[in-house]
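**Student:** Before we start, here is the structure in question, set down as structure tokens.
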Amino acid sequence: MNETRRQQYVRLPAEVTSFVGRRHEVAEVKRLLSTSRAVTLTGVGGVGKTRLALRVGLDMARDFRSGVWFVELGALESPDMLAQVVIEALEIRHQSAGSPLRVLTDFLADKNALVILDNCEHLVSECAVLAEALLRAAPDLRVLATSREALGFTGERILPVPTLPMPGADGAELPIESLARSDAVRLFTERAMAVLPSFALTEDNRDIVLQICRRLDGLPLGIELAAVRLRALSLRQLLDRLDDRFRLLTAGSPAEPPRHQTLRALIDWSYTLCSEKERLLWARASVFAGGLDLEGAEAVCSGDGIDHDEVLDLVCALVSKSILIREENGSRVRYRLLEIIRQYGLERLVAQGEHGELQRRHRDYYRELAAQAREQIFGPSQVAWFTRLRHEHANLHSALERCLADPAEAGSGLEMAADLLYHWISGYYLGEGRRWLERALASGAGTPEARARALWAGSWLAIIQADVPAAAEMLKESQNLGERLGLEGVLGYVALYSGMIAMCEGDTDGAIELYEHALARHRATGDPVGTTLALIRLSLAHSFRGDSGQAIAMGDECLALADAYGEGWHKAYMMMALGVDVWRQGDLKRAAALERESLTFNRALGDPLGVGVNLEVLAWIATSERDHRRAARLFGILRTIWQMIGAPLSGYGHLAGYHDQCEALTREALGPSAFEAAFEEGARLSYDDALDYALQRDERVVERSAGGGERPASKGSRGGSGPLTRRETEIARLVAQGLTNKEIATTLVISQRTAESHIEHIMGKLGFHSRAQVAVWVNEHDS
């Protein structure tokens, strides 16, 4: 398995610093996982449980054909959301109405995977129940957990993670070469060199380094925090101050375990060595869940002692002190705190009486962010907003929880949940979004207008989940409110989603009438989102009825409107709809071009439903082209896609007849045996390989995946390079040639916006900020 394929299956956070030592522990965890299905790493905070689990996951990636997945639980506040958080971490593109636990067990039932549950100590019983349920349902699943205490379920194997061993524990003086190879000294040396490049372990300083490591009891986090102090202190000063600090801070707590004392003393020392404003920012930043960006820090943490303009310098100072960890996400930089550092900050926040106020600021900031996203998501910044909301998902979750936990703020929670409609729909969060809306509606909070909007938003989620009765009930209540209050916009959306239900029930004429009512209302209120949605659905309905002229007219109007706003997502769906009608007319080449361009955008955005419908039409086109083996493979891919989503052709059920007809024709043309063989070839493809095949007709994708193996690509191969897909690699090479976005779009026969989305996605994957960096990367990988 080459590195490209390996990355498709490994979903682990990047290691920001080098991994040092732990050879025995790594080997022992691997041994336990080979004989047991569940292992929990236990130990004090800061001992390195998470880093050990990540290293084991990376080393064992080849052993799990369905992937290695990391689930961070430290910031999870609500136990009820545990299964949902795991769904999102496993990137399960599931849109059924089943319970989150049922979604998980169904998805993992036939998977050979390793799931890492990190920081379980505040959810011990809930994690135990979840792990036991998953292991019962999935015989080839392994669970690796980290916690300060055992979870306590049947079959769990416990591995206490010790501190790093101290060299020369028997009093013997080791040669410096042996000392340098010991884990604790090596970790201190590497981290010291990171802050002081001239640092080296020598005969002159070896004893002091050894004393520091012993004073820190071999605790990895303690060693790392101490090494940062060499920016300002000599080794001798560091040792002296460690001794002073520990005597001061551990004198009054003999009941506390020594290693807890050590870590507490060291974090306390790190805190006192910060300036007053740095301490304030540290405490305030701890209110964020899952990280923060500079804008969030400025909005939430400034004021009352910190000027807005000071936040950047304070953030930089905390990064240099290893309190905040800097992480790049495309063109945006984010920061996070290790969970133990965050918990310490929360303690300080409570102690200084700011906890409630900071929670309120955090809640209000993300409430406003959701409102901004709703206002701006139909336009050129659409992809950036989708991406930003995904990075902020844990914070959005936390803000919603705080809104709905306070009866006085539940109305804000209702509005926020409705504002995030496109966030729920476009990724892994549809089930979660519906639960937030239902919870907010059940509270009875919110203005009648806000409730009406939340009801039609919830109805769309229910339609996608194929829960038509629930959708109809919500629409009825929304309509009553809309009519009573004279809300034309609300009535427009009620008509739109009622039309979708009519199509699901086979009433095409009734659906068209409802869509036309929706279109008229949205035009009258000047709502471009509602207008484009109505045009897409009208185009599909007219096409289904056989009126291609009307279908194309609606499609052209929709595309013009989307282009006028610089919008991409609805445009991609419109191209999908037009592709259906163009296929019906027999223009297979143009239909395929429309579907591929739509698929390219939906893939870059991470929209599983859009991807599924695109693949459907491409399969029908292959059938019409009599490329039956390709069609069978695409039908196999579709089985996997719709299983992931959980609701085949969800919201587009009227198209199911095309699927059945084309699959039957393909099976008849190939014969049962050949059809099943090609079908299984497609079904075995990974998600990324499947989309590469659909987009590029690359038979090598299937050949590489046959039997679960893959031949390594040569360095100069025209295939994928590193983390990029083949399409992205192709576009990266055009960037390296100096082509503009418009020229790339013309060369590849795609829209300029699609080209721009690809380039943004490429830079995000590679962590670059400029086209020049992409060009350098291409030249290095093609040489």
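Every chain in the structure tokens takes a letter, A first, then B, and so on in the order presented; its residues are numbered from 1, and the ligands are numbered from 1 following the presented order.
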Please provide as JSON, numbers by chain all residues within 12 Å of Ala192 of chain A, with the sequence filter that same-chain residues fewer than 2 positions apart are discarded (counting only C-alpha atoms).

**Tutor:** {"A": [185, 186, 187, 188, 189, 190, 194, 195, 196, 197, 198, 199, 200, 201, 209, 223, 224, 225, 226, 227, 228, 229, 230, 231, 232, 233, 234, 235, 238]}

**Student:** What does the file look like for those residues with C-alpha atoms, as a PDB file, in the first residue's frame?

**Tutor:**
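The resulting file, again.pdb, is reproduced below:
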ATOM      1  CA  VAL A 185      17.054  12.882  28.110  1.00  0.00           C
ATOM      2  CA  ARG A 186      16.470  12.550  24.394  1.00  0.00           C
ATOM      3  CA  LEU A 187      13.057  14.220  24.690  1.00  0.00           C
ATOM      4  CA  PHE A 188      14.495  17.096  26.731  1.00  0.00           C
ATOM      5  CA  THR A 189      17.386  17.502  24.283  1.00  0.00           C
ATOM      6  CA  GLU A 190      15.160  17.575  21.188  1.00  0.00           C
ATOM      7  CA  ALA A 194      13.780  23.424  19.100  1.00  0.00           C
ATOM      8  CA  VAL A 195      13.878  26.582  21.227  1.00  0.00           C
ATOM      9  CA  LEU A 196      17.660  26.981  21.379  1.00  0.00           C
ATOM     10  CA  PRO A 197      19.244  25.567  18.191  1.00  0.00           C
ATOM     11  CA  SER A 198      22.746  25.769  19.680  1.00  0.00           C
ATOM     12  CA  PHE A 199      21.831  23.464  22.566  1.00  0.00           C
ATOM     13  CA  ALA A 200      23.649  20.131  22.817  1.00  0.00           C
ATOM     14  CA  LEU A 201      24.110  17.483  25.453  1.00  0.00           C
ATOM     15  CA  VAL A 209      20.027  17.673  32.288  1.00  0.00           C
ATOM     16  CA  ILE A 223       9.835  17.889  30.212  1.00  0.00           C
ATOM     17  CA  GLU A 224       8.422  19.716  27.206  1.00  0.00           C
ATOM     18  CA  LEU A 225       7.137  22.636  29.267  1.00  0.00           C
ATOM     19  CA  ALA A 226      10.422  22.929  31.125  1.00  0.00           C
ATOM     20  CA  ALA A 227      12.523  22.882  27.951  1.00  0.00           C
ATOM     21  CA  VAL A 228      10.651  25.934  26.672  1.00  0.00           C
ATOM     22  CA  ARG A 229      12.122  27.908  29.602  1.00  0.00           C
ATOM     23  CA  LEU A 230      15.593  27.715  28.044  1.00  0.00           C
ATOM     24  CA  ARG A 231      14.615  30.671  25.927  1.00  0.00           C
ATOM     25  CA  ALA A 232      15.192  32.788  29.033  1.00  0.00           C
ATOM     26  CA  LEU A 233      17.109  30.637  31.546  1.00  0.00           C
ATOM     27  CA  SER A 234      20.308  28.681  31.669  1.00  0.00           C
ATOM     28  CA  LEU A 235      20.175  24.996  32.542  1.00  0.00           C
ATOM     29  CA  LEU A 238      16.077  26.101  35.204  1.00  0.00           C
TER      30      LEU A 238
END

**Student:** Could you give me, as an NGL selection string, each residue of segment 510-746 of chain A that DSSP assigns to helix (DSSP H, G or I) when run on this structure's backbone?

**Tutor:** :A and (510-525 or 528-545 or 548-565 or 569-585 or 588-605 or 608-624 or 628-645 or 653-670 or 672-684 or 687-696 or 699-708 or 726-736 or 741-746)

**Student:** Neighbours of Ala694 of chain A within 9 Å (only C-alpha atoms; same-chain residues fewer than 4 positions away dropped), as a PyMOL selection string?

**Tutor:** chain A and resi 596+599+615+618-619+634+689-690+698

**Student:** Which polymer residues have any atom within 9 Å of an atom of Leu338 of chain A, counting only C-alpha atoms, with same-chain residues fewer than 3 positions away left out, as a list of chain:residue names?

**Tutor:**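 Once the adjacent positions are removed, what remains is A:Ile323, A:Leu324, A:Ile325, A:Ile341, A:Arg342, A:Gln343.
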
**Student:** Go ahead and write the residues just picked, all heavy atoms, as a short mmCIF file (atom, residue, chain, number, x, y, z; two decimals), in the first residue's frame.

**Tutor:**
data_model
loop_
_atom_site.label_atom_id
_atom_site.label_comp_id
_atom_site.auth_asym_id
_atom_site.auth_seq_id
_atom_site.Cartn_x
_atom_site.Cartn_y
_atom_site.Cartn_z
N ILE A 323 2.00 27.01 25.13
CA ILE A 323 0.67 26.93 25.74
C ILE A 323 -0.38 26.73 24.66
O ILE A 323 -1.23 25.85 24.74
CB ILE A 323 0.38 28.19 26.57
CG1 ILE A 323 1.44 28.39 27.65
CG2 ILE A 323 -1.02 28.11 27.19
CD1 ILE A 323 1.62 27.22 28.58
N LEU A 324 -0.31 27.55 23.63
CA LEU A 324 -1.15 27.37 22.45
C LEU A 324 -0.35 26.62 21.38
O LEU A 324 0.84 26.90 21.19
CB LEU A 324 -1.60 28.72 21.88
CG LEU A 324 -2.67 29.50 22.66
CD1 LEU A 324 -2.90 30.85 22.00
CD2 LEU A 324 -3.97 28.72 22.73
N ILE A 325 -1.00 25.70 20.71
CA ILE A 325 -0.37 24.95 19.62
C ILE A 325 -0.91 25.48 18.30
O ILE A 325 -2.13 25.51 18.09
CB ILE A 325 -0.64 23.45 19.74
CG1 ILE A 325 -0.05 22.92 21.05
CG2 ILE A 325 -0.06 22.69 18.55
CD1 ILE A 325 -0.42 21.49 21.35
N ILE A 341 -3.96 21.47 29.62
CA ILE A 341 -3.69 22.91 29.68
C ILE A 341 -5.01 23.68 29.64
O ILE A 341 -5.20 24.68 30.33
CB ILE A 341 -2.78 23.34 28.52
CG1 ILE A 341 -1.44 22.60 28.57
CG2 ILE A 341 -2.57 24.84 28.51
CD1 ILE A 341 -0.58 22.96 29.75
N ARG A 342 -5.95 23.20 28.84
CA ARG A 342 -7.26 23.85 28.76
C ARG A 342 -8.01 23.73 30.08
O ARG A 342 -8.63 24.70 30.55
CB ARG A 342 -8.09 23.22 27.62
CG ARG A 342 -9.37 24.00 27.28
CD ARG A 342 -10.09 23.37 26.11
NE ARG A 342 -10.90 22.25 26.53
CZ ARG A 342 -12.19 22.33 26.90
NH1 ARG A 342 -12.81 23.51 26.92
NH2 ARG A 342 -12.87 21.26 27.25
N GLN A 343 -7.96 22.56 30.69
CA GLN A 343 -8.64 22.38 31.97
C GLN A 343 -8.04 23.27 33.05
O GLN A 343 -8.76 23.84 33.89
CB GLN A 343 -8.57 20.91 32.40
CG GLN A 343 -9.41 19.96 31.55
CD GLN A 343 -10.89 20.27 31.62
OE1 GLN A 343 -11.40 20.74 32.64
NE2 GLN A 343 -11.60 20.02 30.53
#

**Student:** Smallest atom-to-atom distance to Gln661 of chain A: which of A:Asp467, A:Trp620, A:Val71, A:Gly296, using only C-alpha atoms?

**Tutor:**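 So, comparing all the options, the nearest one is A:Trp620.
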
**Student:** Taking into account only C-alpha atoms, which residue in the set A:Ala297, A:Val778, A:Leu685, A:Leu349 is nearest to Tyr335 of chain A?

**Tutor:**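 Result for the nearest residue to Tyr335 of chain A: A:Ala297.
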
**Student:** Which residues are close to segment 291-295 of chain A, i.e. within 12 Å by only C-alpha atoms, leaving aside same-chain residues fewer than 3 positions away? Reply as a PDB file with C-alpha atoms, in the first residue's frame.

**Tutor:**
ATOM      1  CA  GLU A  72     -11.100  13.573  20.379  1.00  0.00           C
ATOM      2  CA  GLY A  74     -11.808  16.175  25.634  1.00  0.00           C
ATOM      3  CA  ALA A  75     -13.985  19.117  24.617  1.00  0.00           C
ATOM      4  CA  LEU A 281      -5.702  35.193  27.532  1.00  0.00           C
ATOM      5  CA  ARG A 284     -10.111  32.978  28.455  1.00  0.00           C
ATOM      6  CA  ALA A 285      -8.985  30.840  25.493  1.00  0.00           C
ATOM      7  CA  SER A 286      -9.857  27.741  27.523  1.00  0.00           C
ATOM      8  CA  VAL A 287     -13.558  28.467  26.963  1.00  0.00           C
ATOM      9  CA  PHE A 288     -13.194  27.391  23.312  1.00  0.00           C
ATOM     10  CA  GLU A 298     -10.048  38.812  19.425  1.00  0.00           C
ATOM     11  CA  ALA A 299     -13.831  38.744  19.752  1.00  0.00           C
ATOM     12  CA  VAL A 300     -14.166  36.575  22.852  1.00  0.00           C
ATOM     13  CA  CYS A 301     -10.972  37.204  24.805  1.00  0.00           C
ATOM     14  CA  SER A 302     -10.477  40.965  24.418  1.00  0.00           C
ATOM     15  CA  HIS A 308      -8.380  44.105  20.878  1.00  0.00           C
ATOM     16  CA  ASP A 309      -5.096  45.104  19.228  1.00  0.00           C
ATOM     17  CA  GLU A 310      -3.071  43.232  21.865  1.00  0.00           C
ATOM     18  CA  VAL A 311      -4.573  39.809  21.189  1.00  0.00           C
ATOM     19  CA  LEU A 312      -2.302  38.900  18.268  1.00  0.00           C
ATOM     20  CA  ASP A 313       0.880  39.577  20.230  1.00  0.00           C
ATOM     21  CA  LEU A 314      -0.468  37.681  23.224  1.00  0.00           C
ATOM     22  CA  VAL A 315      -1.400  34.703  21.051  1.00  0.00           C
ATOM     23  CA  CYS A 316       2.110  34.700  19.568  1.00  0.00           C
ATOM     24  CA  LEU A 324      -1.150  27.368  22.449  1.00  0.00           C
ATOM     25  CA  ILE A 325      -0.367  24.950  19.620  1.00  0.00           C
ATOM     26  CA  ARG A 326      -0.425  26.504  16.152  1.00  0.00           C
ATOM     27  CA  GLU A 327      -2.088  24.481  13.380  1.00  0.00           C
ATOM     28  CA  GLU A 328      -2.585  25.441   9.745  1.00  0.00           C
ATOM     29  CA  ASN A 329      -5.894  24.752   8.015  1.00  0.00           C
ATOM     30  CA  SER A 331      -5.299  29.643   4.350  1.00  0.00           C
ATOM     31  CA  ARG A 332      -6.386  30.011   7.992  1.00  0.00           C
ATOM     32  CA  VAL A 333      -4.336  29.368  11.118  1.00  0.00           C
ATOM     33  CA  ARG A 334      -5.957  27.900  14.198  1.00  0.00           C
ATOM     34  CA  TYR A 335      -4.748  27.352  17.735  1.00  0.00           C
ATOM     35  CA  ARG A 336      -5.539  24.702  20.308  1.00  0.00           C
ATOM     36  CA  LEU A 337      -4.643  23.903  23.891  1.00  0.00           C
ATOM     37  CA  LEU A 338      -3.722  20.451  25.107  1.00  0.00           C
ATOM     38  CA  GLU A 339      -6.685  19.231  27.125  1.00  0.00           C
ATOM     39  CA  ARG A 342      -7.262  23.846  28.758  1.00  0.00           C
ATOM     40  CA  HIS A 362     -18.353  32.584  23.391  1.00  0.00           C
ATOM     41  CA  TYR A 365     -19.810  35.110  19.110  1.00  0.00           C
ATOM     42  CA  TYR A 366     -20.809  31.794  17.568  1.00  0.00           C
ATOM     43  CA  LEU A 369     -21.012  33.675  13.276  1.00  0.00           C
ATOM     44  CA  ARG A 388     -14.881  27.519   8.370  1.00  0.00           C
ATOM     45  CA  LEU A 389     -18.047  26.142   9.929  1.00  0.00           C
ATOM     46  CA  ARG A 390     -16.632  22.624   9.782  1.00  0.00           C
ATOM     47  CA  HIS A 391     -13.486  23.740  11.596  1.00  0.00           C
ATOM     48  CA  GLU A 392     -15.669  25.473  14.187  1.00  0.00           C
ATOM     49  CA  HIS A 393     -18.097  22.595  14.623  1.00  0.00           C
ATOM     50  CA  ALA A 394     -17.100  21.808  18.222  1.00  0.00           C
ATOM     51  CA  ASN A 395     -17.504  25.476  19.162  1.00  0.00           C
ATOM     52  CA  LEU A 396     -20.880  25.679  17.405  1.00  0.00           C
ATOM     53  CA  SER A 398     -20.841  24.133  22.590  1.00  0.00           C
TER      54      SER A 398
END

**Student:** Rounded to one decimal in Å, what is the spacing between atom CA of Met474 of chain A and atom CA of Arg521 of chain A?

**Tutor:**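 Calculated distance between atom CA of Met474 of chain A and atom CA of Arg521 of chain A is 19.6 Å.
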
**Student:** Identify, on the basis of only C-alpha atoms, every residue whose closest approach to segment 603-611 of chain A does not exceed 9 Å; exclude the query and any residue fewer than 5 positions from it along the same chain; express the result as an NGL selection string.

**Tutor:** :A and (93-95 or 383 or 386-387 or 425-428 or 464 or 569 or 572-573 or 576 or 598 or 616 or 641-642 or 644-645 or 648-650 or 691 or 754 or 757-758 or 761)

**Student:** Could you name the residues that touch Cys662 of chain A at 12 Å or less, counting only C-alpha atoms, but leaving out those on the same chain fewer than 5 positions away, as an MDAnalysis selection string?

**Tutor:** chainID A and resid 616:628 631:632 634:635 655:657 667:669

**Student:** What is the atom CA of Pro167 of chain A to atom CA of Arg215 of chain A distance in Å?

**Tutor:**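 Straight-line distance from atom CA of Pro167 of chain A to atom CA of Arg215 of chain A works out to 12.8 Å.
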
**Student:** For Cys127 of chain A, which residue out of A:Leu82, A:Ala524, A:Met500, A:Leu104 is the nearest one, using only C-alpha atoms?

**Tutor:**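 Nearest candidate to Cys127 of chain A out of A:Leu82, A:Ala524, A:Met500, A:Leu104: A:Leu82.
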
**Student:** Tell me, in Å to one decimal, how far atom CA of Val29 of chain A is from atom CA of Val44 of chain A.

**Tutor:**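 Value for the atom CA of Val29 of chain A-atom CA of Val44 of chain A distance: 17.6 Å.
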